[in-house]
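Encoded as structure tokens, the structure appears first; notes follow it.
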Amino acid sequence: DNKDQRALCEGFAETILTALSTVKEIQTRGRNSSFLFDSWDDPIEVGRKLNVAAVLTGSLQILESRIRIAVHLLNTSDGSSIWSEKIDGAKEEIFDFQDRITSTVTAKMNIILTNKEAVRLAKRYTNNEDAFSLYLEGLQFMRRMMPGSHREAISLFLKAIDEDPGFALPYVALARCYKNLYFDLAIGDREEAYRLSKEALDQAFQIDVAIGAAYAVRAGLKFDYQNCPSEAQIDY
């Protein structure tokens, strides 16, 4: 199913982006900016627009119970390849694939990790396949930026949390959904949106304080709800 494949691909890309954002020497671009581009876009032009030195692109295919991933790390100064690899394995190995890609990217970019960064990079947000699948499906609905799709995303994120209460990423996505519903889509009650979003963020921070996306959502709340742009800038 193309929808399942797209959900898995985008969610996989987002978890890699989240993992790499924990490394101080790597300045990743946000999800919204990164997802504006596709693998066939000119890496030099992408690098210019995002102001980055390298671009990580890839493709993913689901073949029954197996997954095939092709990954390319490209130099944006001239479009040359820094590293490329094809990974083929069982669907349940997807967490191992993520570890392999993130560790190789840092090595190929000659980044020396601190002990703390090495631990963060190797961290698995969940080992529960059902929770991960529900989270990925929720991301697909959340990106549609419509009230109905956001409510569906909230339902899926809550199910992911039920499957694995220690999985921090659905809490972050849940906080984003609650914030988006009122502050971007003008649905619901302002106070309720803030309360639910903050509660979900607090849960995420209790599990993991190193998720960059959580700080971005918190910055949005400070800007939209508290009207404190200077405070929001600290989290950005």
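By convention here, the chains of the structure tokens are called A, B, ... in the order presented, each chain's residues are numbered starting at 1, and ligands are numbered starting at 1 in the order presented.
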
Find the spatial neighbours of range 172-175 of chain A, counting only C-alpha atoms, within a cut-off of 7 Å - ignore same-chain residues fewer than 3 positions away - and output them as a ChimeraX atom specification.
/A:154,157,168-169,178-179,196-198,200-201,204,214

Residues of the last selection are to be written out with N, CA and C atoms, as a compact mmCIF listing (two decimals), in the first residue's frame.
```
# COMPACT_ATOMS: atom_id res chain seq x y z
N ILE A 154 -4.64 12.62 16.70
CA ILE A 154 -4.66 12.58 18.17
C ILE A 154 -5.05 11.19 18.66
N PHE A 157 -2.07 8.85 18.10
CA PHE A 157 -0.98 9.11 19.04
C PHE A 157 -1.32 8.56 20.43
N ALA A 168 8.36 8.71 23.87
CA ALA A 168 8.20 10.16 24.03
C ALA A 168 7.65 10.86 22.77
N LEU A 169 7.98 10.37 21.60
CA LEU A 169 7.63 11.10 20.37
C LEU A 169 6.12 11.30 20.17
N TYR A 178 -2.66 19.44 19.52
CA TYR A 178 -3.52 20.28 20.36
C TYR A 178 -3.26 21.76 20.10
N LYS A 179 -1.99 22.11 19.95
CA LYS A 179 -1.63 23.51 19.66
C LYS A 179 -2.17 23.93 18.29
N LEU A 196 -3.93 21.12 27.28
CA LEU A 196 -3.67 19.78 26.75
C LEU A 196 -2.29 19.70 26.10
N SER A 197 -1.93 20.74 25.37
CA SER A 197 -0.62 20.75 24.72
C SER A 197 0.50 20.75 25.75
N LYS A 198 0.36 21.57 26.78
CA LYS A 198 1.38 21.65 27.82
C LYS A 198 1.50 20.34 28.60
N ALA A 200 0.86 17.31 27.49
CA ALA A 200 1.55 16.34 26.63
C ALA A 200 3.05 16.63 26.58
N LEU A 201 3.40 17.91 26.49
CA LEU A 201 4.82 18.29 26.48
C LEU A 201 5.51 17.92 27.78
N ALA A 204 6.34 14.37 27.71
CA ALA A 204 7.48 14.11 26.82
C ALA A 204 8.79 14.46 27.51
N ALA A 214 10.26 18.92 20.71
CA ALA A 214 9.49 19.31 21.90
C ALA A 214 9.75 20.78 22.25
```

Could you name the residues that touch range 92-104 of chain A at 7 Å or less, counting only C-alpha atoms, but leaving out those on the same chain fewer than 5 positions away, as a PDB file with C-alpha atoms, in the first residue's frame?
```pdb
ATOM      1  CA  ILE A  16      16.414  10.049  12.016  1.00  0.00           C
ATOM      2  CA  LEU A  20      20.639  13.698  14.597  1.00  0.00           C
ATOM      3  CA  ALA A 122      21.996   5.147  19.956  1.00  0.00           C
TER       4      ALA A 122
END
```

Can you list, as a count of residues only, all residues belonging to range 108-174 of chain A that DSSP tags as helix (DSSP H, G or I)?
47

Tell me, as a VMD selection string, which residues lie within 7 Å of Ile87 in chain A, counting only C-alpha atoms; anything in the same chain fewer than 5 positions away does not count.
chain A and resid 68 to 70

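The smallest atom-to-atom distance between Ser65 in chain A and any of A:Lys86, A:Lys91, A:Arg218, A:Arg144, using only C-alpha atoms, is found for A:Lys91.
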
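Residues of range 87-142 of chain A that DSSP places in strand (DSSP E), based on the backbone of this structure, are A:Ile87, A:Asp88, A:Gly89, A:Ala90.
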
12 Å contact set for Gln140 in chain A, only C-alpha atoms, chain neighbours under 3 positions out, as number ranges by chain:
A: 3-12, 14, 133-137, 143-146, 149-150, 152-154, 156-157, 173

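Proximity ranking of A:Ser155, A:Val23, A:Phe205, A:Thr15 relative to Ile112 in chain A places A:Val23 first, based on only C-alpha atoms.
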
Residue neighbourhood range 123-127 of chain A, 6 Å, only C-alpha atoms, exclusion window fewer than 2 positions, as an MDAnalysis selection string:
chainID A and resid 120:121 167

Okay, now the selection with C-alpha atoms, as a short mmCIF file (atom, residue, chain, number, x, y, z; two decimals), in the first residue's frame?
```
data_model
loop_
_atom_site.label_atom_id
_atom_site.label_comp_id
_atom_site.auth_asym_id
_atom_site.auth_seq_id
_atom_site.Cartn_x
_atom_site.Cartn_y
_atom_site.Cartn_z
CA ARG A 120 21.55 9.80 22.78
CA LEU A 121 22.23 8.85 19.17
CA PHE A 167 7.59 6.39 23.92
#
```

Show me, as a VMD selection string, the residues that have an atom within 9 Å of Asp130 in chain A when counting only C-alpha atoms, minus same-chain residues fewer than 5 positions from it.
chain A and resid 135 160 163 to 164

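The coordinates place CA of Ser21 in chain A at 9.0 Å from CA of Ala213 in chain A.
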
So which one's closest to Arg176 in chain A, A:Lys159, A:Arg29, A:Lys49, A:Arg151? Using only C-alpha atoms, please.
A:Arg151

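The coordinates place CA of Glu192 in chain A at 26.2 Å from CA of Ala131 in chain A.
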
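In this model, the gap between CA of Leu36 in chain A and CA of Leu50 in chain A comes to 10.3 Å.
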